[in-house]
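Below is my_file-v3.cif, which holds mmCIF, C-alpha atoms.
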```cif
data_protein
loop_
_atom_site.group_PDB
_atom_site.id
_atom_site.type_symbol
_atom_site.label_atom_id
_atom_site.label_comp_id
_atom_site.auth_asym_id
_atom_site.auth_seq_id
_atom_site.Cartn_x
_atom_site.Cartn_y
_atom_site.Cartn_z
ATOM 1 C CA GLN A 189 13.926 0.197 14.774
ATOM 2 C CA VAL A 190 11.175 0.704 12.241
ATOM 3 C CA GLN A 191 9.524 -2.356 10.758
ATOM 4 C CA LEU A 192 6.697 -2.767 8.293
ATOM 5 C CA VAL A 193 5.318 -6.270 7.959
ATOM 6 C CA GLU A 194 2.721 -7.150 5.353
ATOM 7 C CA SER A 195 0.348 -10.072 5.603
ATOM 8 C CA GLY A 196 -2.899 -11.253 4.091
ATOM 9 C CA GLY A 197 -1.721 -12.284 0.663
ATOM 10 C CA GLY A 198 -2.270 -15.709 -0.786
ATOM 11 C CA SER A 199 -3.717 -17.719 -3.618
ATOM 12 C CA VAL A 200 -7.351 -16.949 -4.323
ATOM 13 C CA GLN A 201 -9.979 -17.389 -6.990
ATOM 14 C CA ALA A 202 -11.016 -14.575 -9.276
ATOM 15 C CA GLY A 203 -13.858 -12.574 -7.783
ATOM 16 C CA SER A 204 -12.593 -12.950 -4.225
ATOM 17 C CA THR A 205 -11.780 -10.171 -1.824
ATOM 18 C CA LEU A 206 -8.558 -9.833 0.127
ATOM 19 C CA ARG A 207 -7.529 -7.460 2.842
ATOM 20 C CA LEU A 208 -3.810 -6.933 3.084
ATOM 21 C CA SER A 209 -2.385 -5.697 6.351
ATOM 22 C CA CYS A 210 0.746 -3.716 7.086
ATOM 23 C CA ALA A 211 1.696 -3.804 10.743
ATOM 24 C CA THR A 212 4.175 -1.143 11.743
ATOM 25 C CA THR A 213 6.480 -0.880 14.720
ATOM 26 C CA GLY A 214 8.664 2.012 15.699
ATOM 27 C CA LEU A 215 6.979 4.302 13.181
ATOM 28 C CA SER A 216 5.322 7.572 13.987
ATOM 29 C CA GLU A 217 2.087 7.306 12.046
ATOM 30 C CA VAL A 218 1.327 10.899 12.868
ATOM 31 C CA SER A 219 4.202 12.156 10.768
ATOM 32 C CA ASN A 220 4.388 9.346 8.237
ATOM 33 C CA CYS A 221 1.912 8.629 5.491
ATOM 34 C CA MET A 222 1.306 5.074 4.415
ATOM 35 C CA ALA A 223 1.099 3.792 0.888
ATOM 36 C CA TRP A 224 0.604 0.550 -0.965
ATOM 37 C CA PHE A 225 2.529 -0.426 -4.068
ATOM 38 C CA ARG A 226 2.480 -3.483 -6.245
ATOM 39 C CA GLN A 227 5.040 -5.018 -8.498
ATOM 40 C CA PHE A 228 4.522 -7.371 -11.411
ATOM 41 C CA PRO A 229 7.399 -9.681 -12.341
ATOM 42 C CA GLY A 230 9.980 -7.804 -14.342
ATOM 43 C CA LYS A 231 8.178 -4.489 -13.904
ATOM 44 C CA GLU A 232 8.684 -1.357 -11.857
ATOM 45 C CA ARG A 233 6.959 -1.068 -8.521
ATOM 46 C CA GLU A 234 3.881 1.137 -8.912
ATOM 47 C CA VAL A 235 1.936 3.099 -6.358
ATOM 48 C CA LEU A 236 -1.660 2.070 -5.801
ATOM 49 C CA ALA A 237 -2.909 4.172 -2.908
ATOM 50 C CA VAL A 238 -1.805 6.579 -0.214
ATOM 51 C CA ILE A 239 -3.518 7.584 2.991
ATOM 52 C CA TYR A 240 -2.645 10.972 4.393
ATOM 53 C CA ALA A 241 -2.143 12.139 7.944
ATOM 54 C CA GLY A 242 -5.220 11.880 10.084
ATOM 55 C CA ARG A 243 -6.840 9.684 7.378
ATOM 56 C CA ARG A 244 -8.564 12.746 6.095
ATOM 57 C CA SER A 245 -7.757 12.080 2.495
ATOM 58 C CA THR A 246 -6.579 9.359 0.210
ATOM 59 C CA TYR A 247 -5.026 9.043 -3.208
ATOM 60 C CA TYR A 248 -5.667 6.249 -5.673
ATOM 61 C CA ALA A 249 -3.844 5.572 -8.863
ATOM 62 C CA GLU A 250 -6.099 5.152 -11.880
ATOM 63 C CA SER A 251 -5.371 1.435 -11.838
ATOM 64 C CA ALA A 252 -6.623 1.212 -8.242
ATOM 65 C CA LYS A 253 -9.814 3.243 -8.419
ATOM 66 C CA GLY A 254 -12.969 1.298 -7.768
ATOM 67 C CA ARG A 255 -11.708 -2.014 -6.343
ATOM 68 C CA PHE A 256 -8.980 -0.920 -3.949
ATOM 69 C CA THR A 257 -9.518 0.706 -0.584
ATOM 70 C CA ILE A 258 -6.766 1.952 1.684
ATOM 71 C CA SER A 259 -7.412 2.448 5.371
ATOM 72 C CA GLN A 260 -5.523 2.797 8.593
ATOM 73 C CA ASP A 261 -6.032 1.911 12.213
ATOM 74 C CA GLN A 262 -3.684 4.130 14.146
ATOM 75 C CA ALA A 263 -4.476 2.447 17.442
ATOM 76 C CA ARG A 264 -3.293 -0.863 15.977
ATOM 77 C CA GLN A 265 -0.516 0.875 14.007
ATOM 78 C CA THR A 266 -1.687 -0.975 10.946
ATOM 79 C CA ALA A 267 -2.527 0.042 7.422
ATOM 80 C CA TYR A 268 -4.775 -1.994 5.174
ATOM 81 C CA LEU A 269 -5.469 -2.477 1.510
ATOM 82 C CA ARG A 270 -8.729 -4.117 0.608
ATOM 83 C CA ILE A 271 -8.967 -5.493 -2.908
ATOM 84 C CA SER A 272 -12.332 -6.651 -4.136
ATOM 85 C CA SER A 273 -13.367 -8.548 -7.264
ATOM 86 C CA LEU A 274 -9.863 -9.856 -7.689
ATOM 87 C CA LYS A 275 -8.730 -10.586 -11.226
ATOM 88 C CA PRO A 276 -5.888 -12.756 -12.494
ATOM 89 C CA GLU A 277 -4.147 -9.572 -13.623
ATOM 90 C CA ASP A 278 -3.950 -8.489 -9.974
ATOM 91 C CA THR A 279 -1.376 -11.227 -9.435
ATOM 92 C CA ALA A 280 1.641 -9.392 -8.077
ATOM 93 C CA THR A 281 3.680 -8.702 -4.988
ATOM 94 C CA TYR A 282 2.148 -6.006 -2.818
ATOM 95 C CA TYR A 283 4.242 -3.738 -0.644
ATOM 96 C CA CYS A 284 3.427 -1.176 1.985
ATOM 97 C CA ALA A 285 5.667 1.821 2.456
ATOM 98 C CA ALA A 286 5.897 4.952 4.557
ATOM 99 C CA ARG A 287 7.135 8.402 3.716
ATOM 100 C CA PRO A 288 7.106 11.613 5.731
ATOM 101 C CA CYS A 289 3.779 13.356 5.390
ATOM 102 C CA LEU A 290 5.769 16.511 4.776
ATOM 103 C CA TYR A 291 6.270 15.065 1.295
ATOM 104 C CA SER A 292 2.545 14.960 0.626
ATOM 105 C CA TYR A 293 2.856 17.819 -1.860
ATOM 106 C CA ARG A 294 5.092 15.614 -3.985
ATOM 107 C CA PRO A 295 3.744 13.019 -6.438
ATOM 108 C CA PRO A 296 2.945 9.796 -4.596
ATOM 109 C CA ASN A 297 4.806 7.593 -7.054
ATOM 110 C CA LEU A 298 8.300 8.762 -6.109
ATOM 111 C CA LYS A 299 9.665 5.601 -4.583
ATOM 112 C CA ASP A 300 12.785 7.297 -3.265
ATOM 113 C CA ASP A 301 10.577 9.408 -0.981
ATOM 114 C CA TYR A 302 9.522 6.308 0.927
ATOM 115 C CA ARG A 303 11.957 5.670 3.725
ATOM 116 C CA TYR A 304 10.487 2.430 4.953
ATOM 117 C CA TRP A 305 9.249 -0.623 3.086
ATOM 118 C CA GLY A 306 7.767 -3.930 3.995
ATOM 119 C CA GLN A 307 9.043 -7.190 2.593
ATOM 120 C CA GLY A 308 6.034 -7.684 0.349
ATOM 121 C CA THR A 309 3.169 -10.137 0.272
ATOM 122 C CA GLN A 310 2.344 -12.229 -2.770
ATOM 123 C CA VAL A 311 -1.146 -12.252 -4.203
ATOM 124 C CA THR A 312 -1.956 -14.877 -6.800
ATOM 125 C CA VAL A 313 -5.362 -14.878 -8.456
ATOM 126 C CA SER A 314 -6.510 -17.823 -10.520
ATOM 127 C CA SER A 315 -9.386 -17.818 -12.960
#
```
Using the file provided, produce a representation of the structure as structure tokens.
Amino acid sequence: QVQLVESGGGSVQAGSTLRLSCATTGLSEVSNCMAWFRQFPGKEREVLAVIYAGRRSTYYAESAKGRFTISQDQARQTAYLRISSLKPEDTATYYCAARPCLYSYRPPNLKDDYRYWGQGTQVTVSS
């Protein structure tokens, strides 16, 4: 059974740095590529970053360039999203997801391509 479990969210002050973790079990990280999404209340879930097989390349949405860093530790079967200089507008629920790397030619924002999702971790940033 595949499970993705996010952690690392919380309530922080603006300017802080958080590292979100996504621990996976039962997932072949060789054939699946990990991504991070976020969702604001009442809005669609949006892709932030994707890390491709072998961690040789990454994708960042425009909204994530500069302050967001995706990484992966295959030995620990964990993906990470580091967010620096947090702003109140980063307040959202953050999700990790996995899709087959065979889909890497497809746009990274196609949520239906992602077969597995975590339950989400809430990040709240106060000014």
Residue neighbourhood Val238 of chain A, 12 Å, all atoms listed in the file, exclusion window fewer than 5 positions, as a PyMOL selection string: chain A and resi 220-225+243-249+252-253+256-260+267-269+283-289+291-292+294-298+302
Convert the output of the PyMOL selection byres ((chain A and resi 203) around 8) on the shown file into explicit residues, formatted as a list in words.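 So the PyMOL selection byres ((chain A and resi 203) around 8), applied here, picks out Gln201, Ala202, Ser204, Thr205, Ser272, Ser273, Leu274 and Lys275 of chain A.
Take the PyMOL selection byres ((chain A and resi 232) around 12) and apply it to this file: it picks Phe225, Arg226, Gln227, Phe228, Pro229, Gly230, Lys231, Arg233, Glu234, Val235, Ala280, Thr281, Asn297, Leu298 and Lys299 of chain A.
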Padding of 3 Å on every side, edges along x, y and z, all listed atoms of segment 268-283 of chain A included: what centre and edge lengths in Å, to one decimal, does that box have, as JSON?
```
{"center_x": -4.6, "center_y": -7.4, "center_z": -4.2, "size_x": 23.6, "size_y": 16.8, "size_z": 24.8}
```
Choose the residue, out of A:Gln262, A:Val218, A:Tyr293, A:Ile271, that has the smallest atom-to-atom separation from Leu236 of chain A; count all atoms listed in the file.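 Closest to Leu236 of chain A of all the choices is A:Ile271.
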A:Ser219, A:Thr212, A:Gln310, A:Gln191 ranked by distance to Gln265 of chain A, top pick (using all atoms listed in the file): A:Thr212
Please indicate the distance in Å from atom CA of Gly196 of chain A to atom CA of Thr309 of chain A, rounded to one decimal place.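 So the two atoms, atom CA of Gly196 of chain A and atom CA of Thr309 of chain A, lie 7.3 Å apart.
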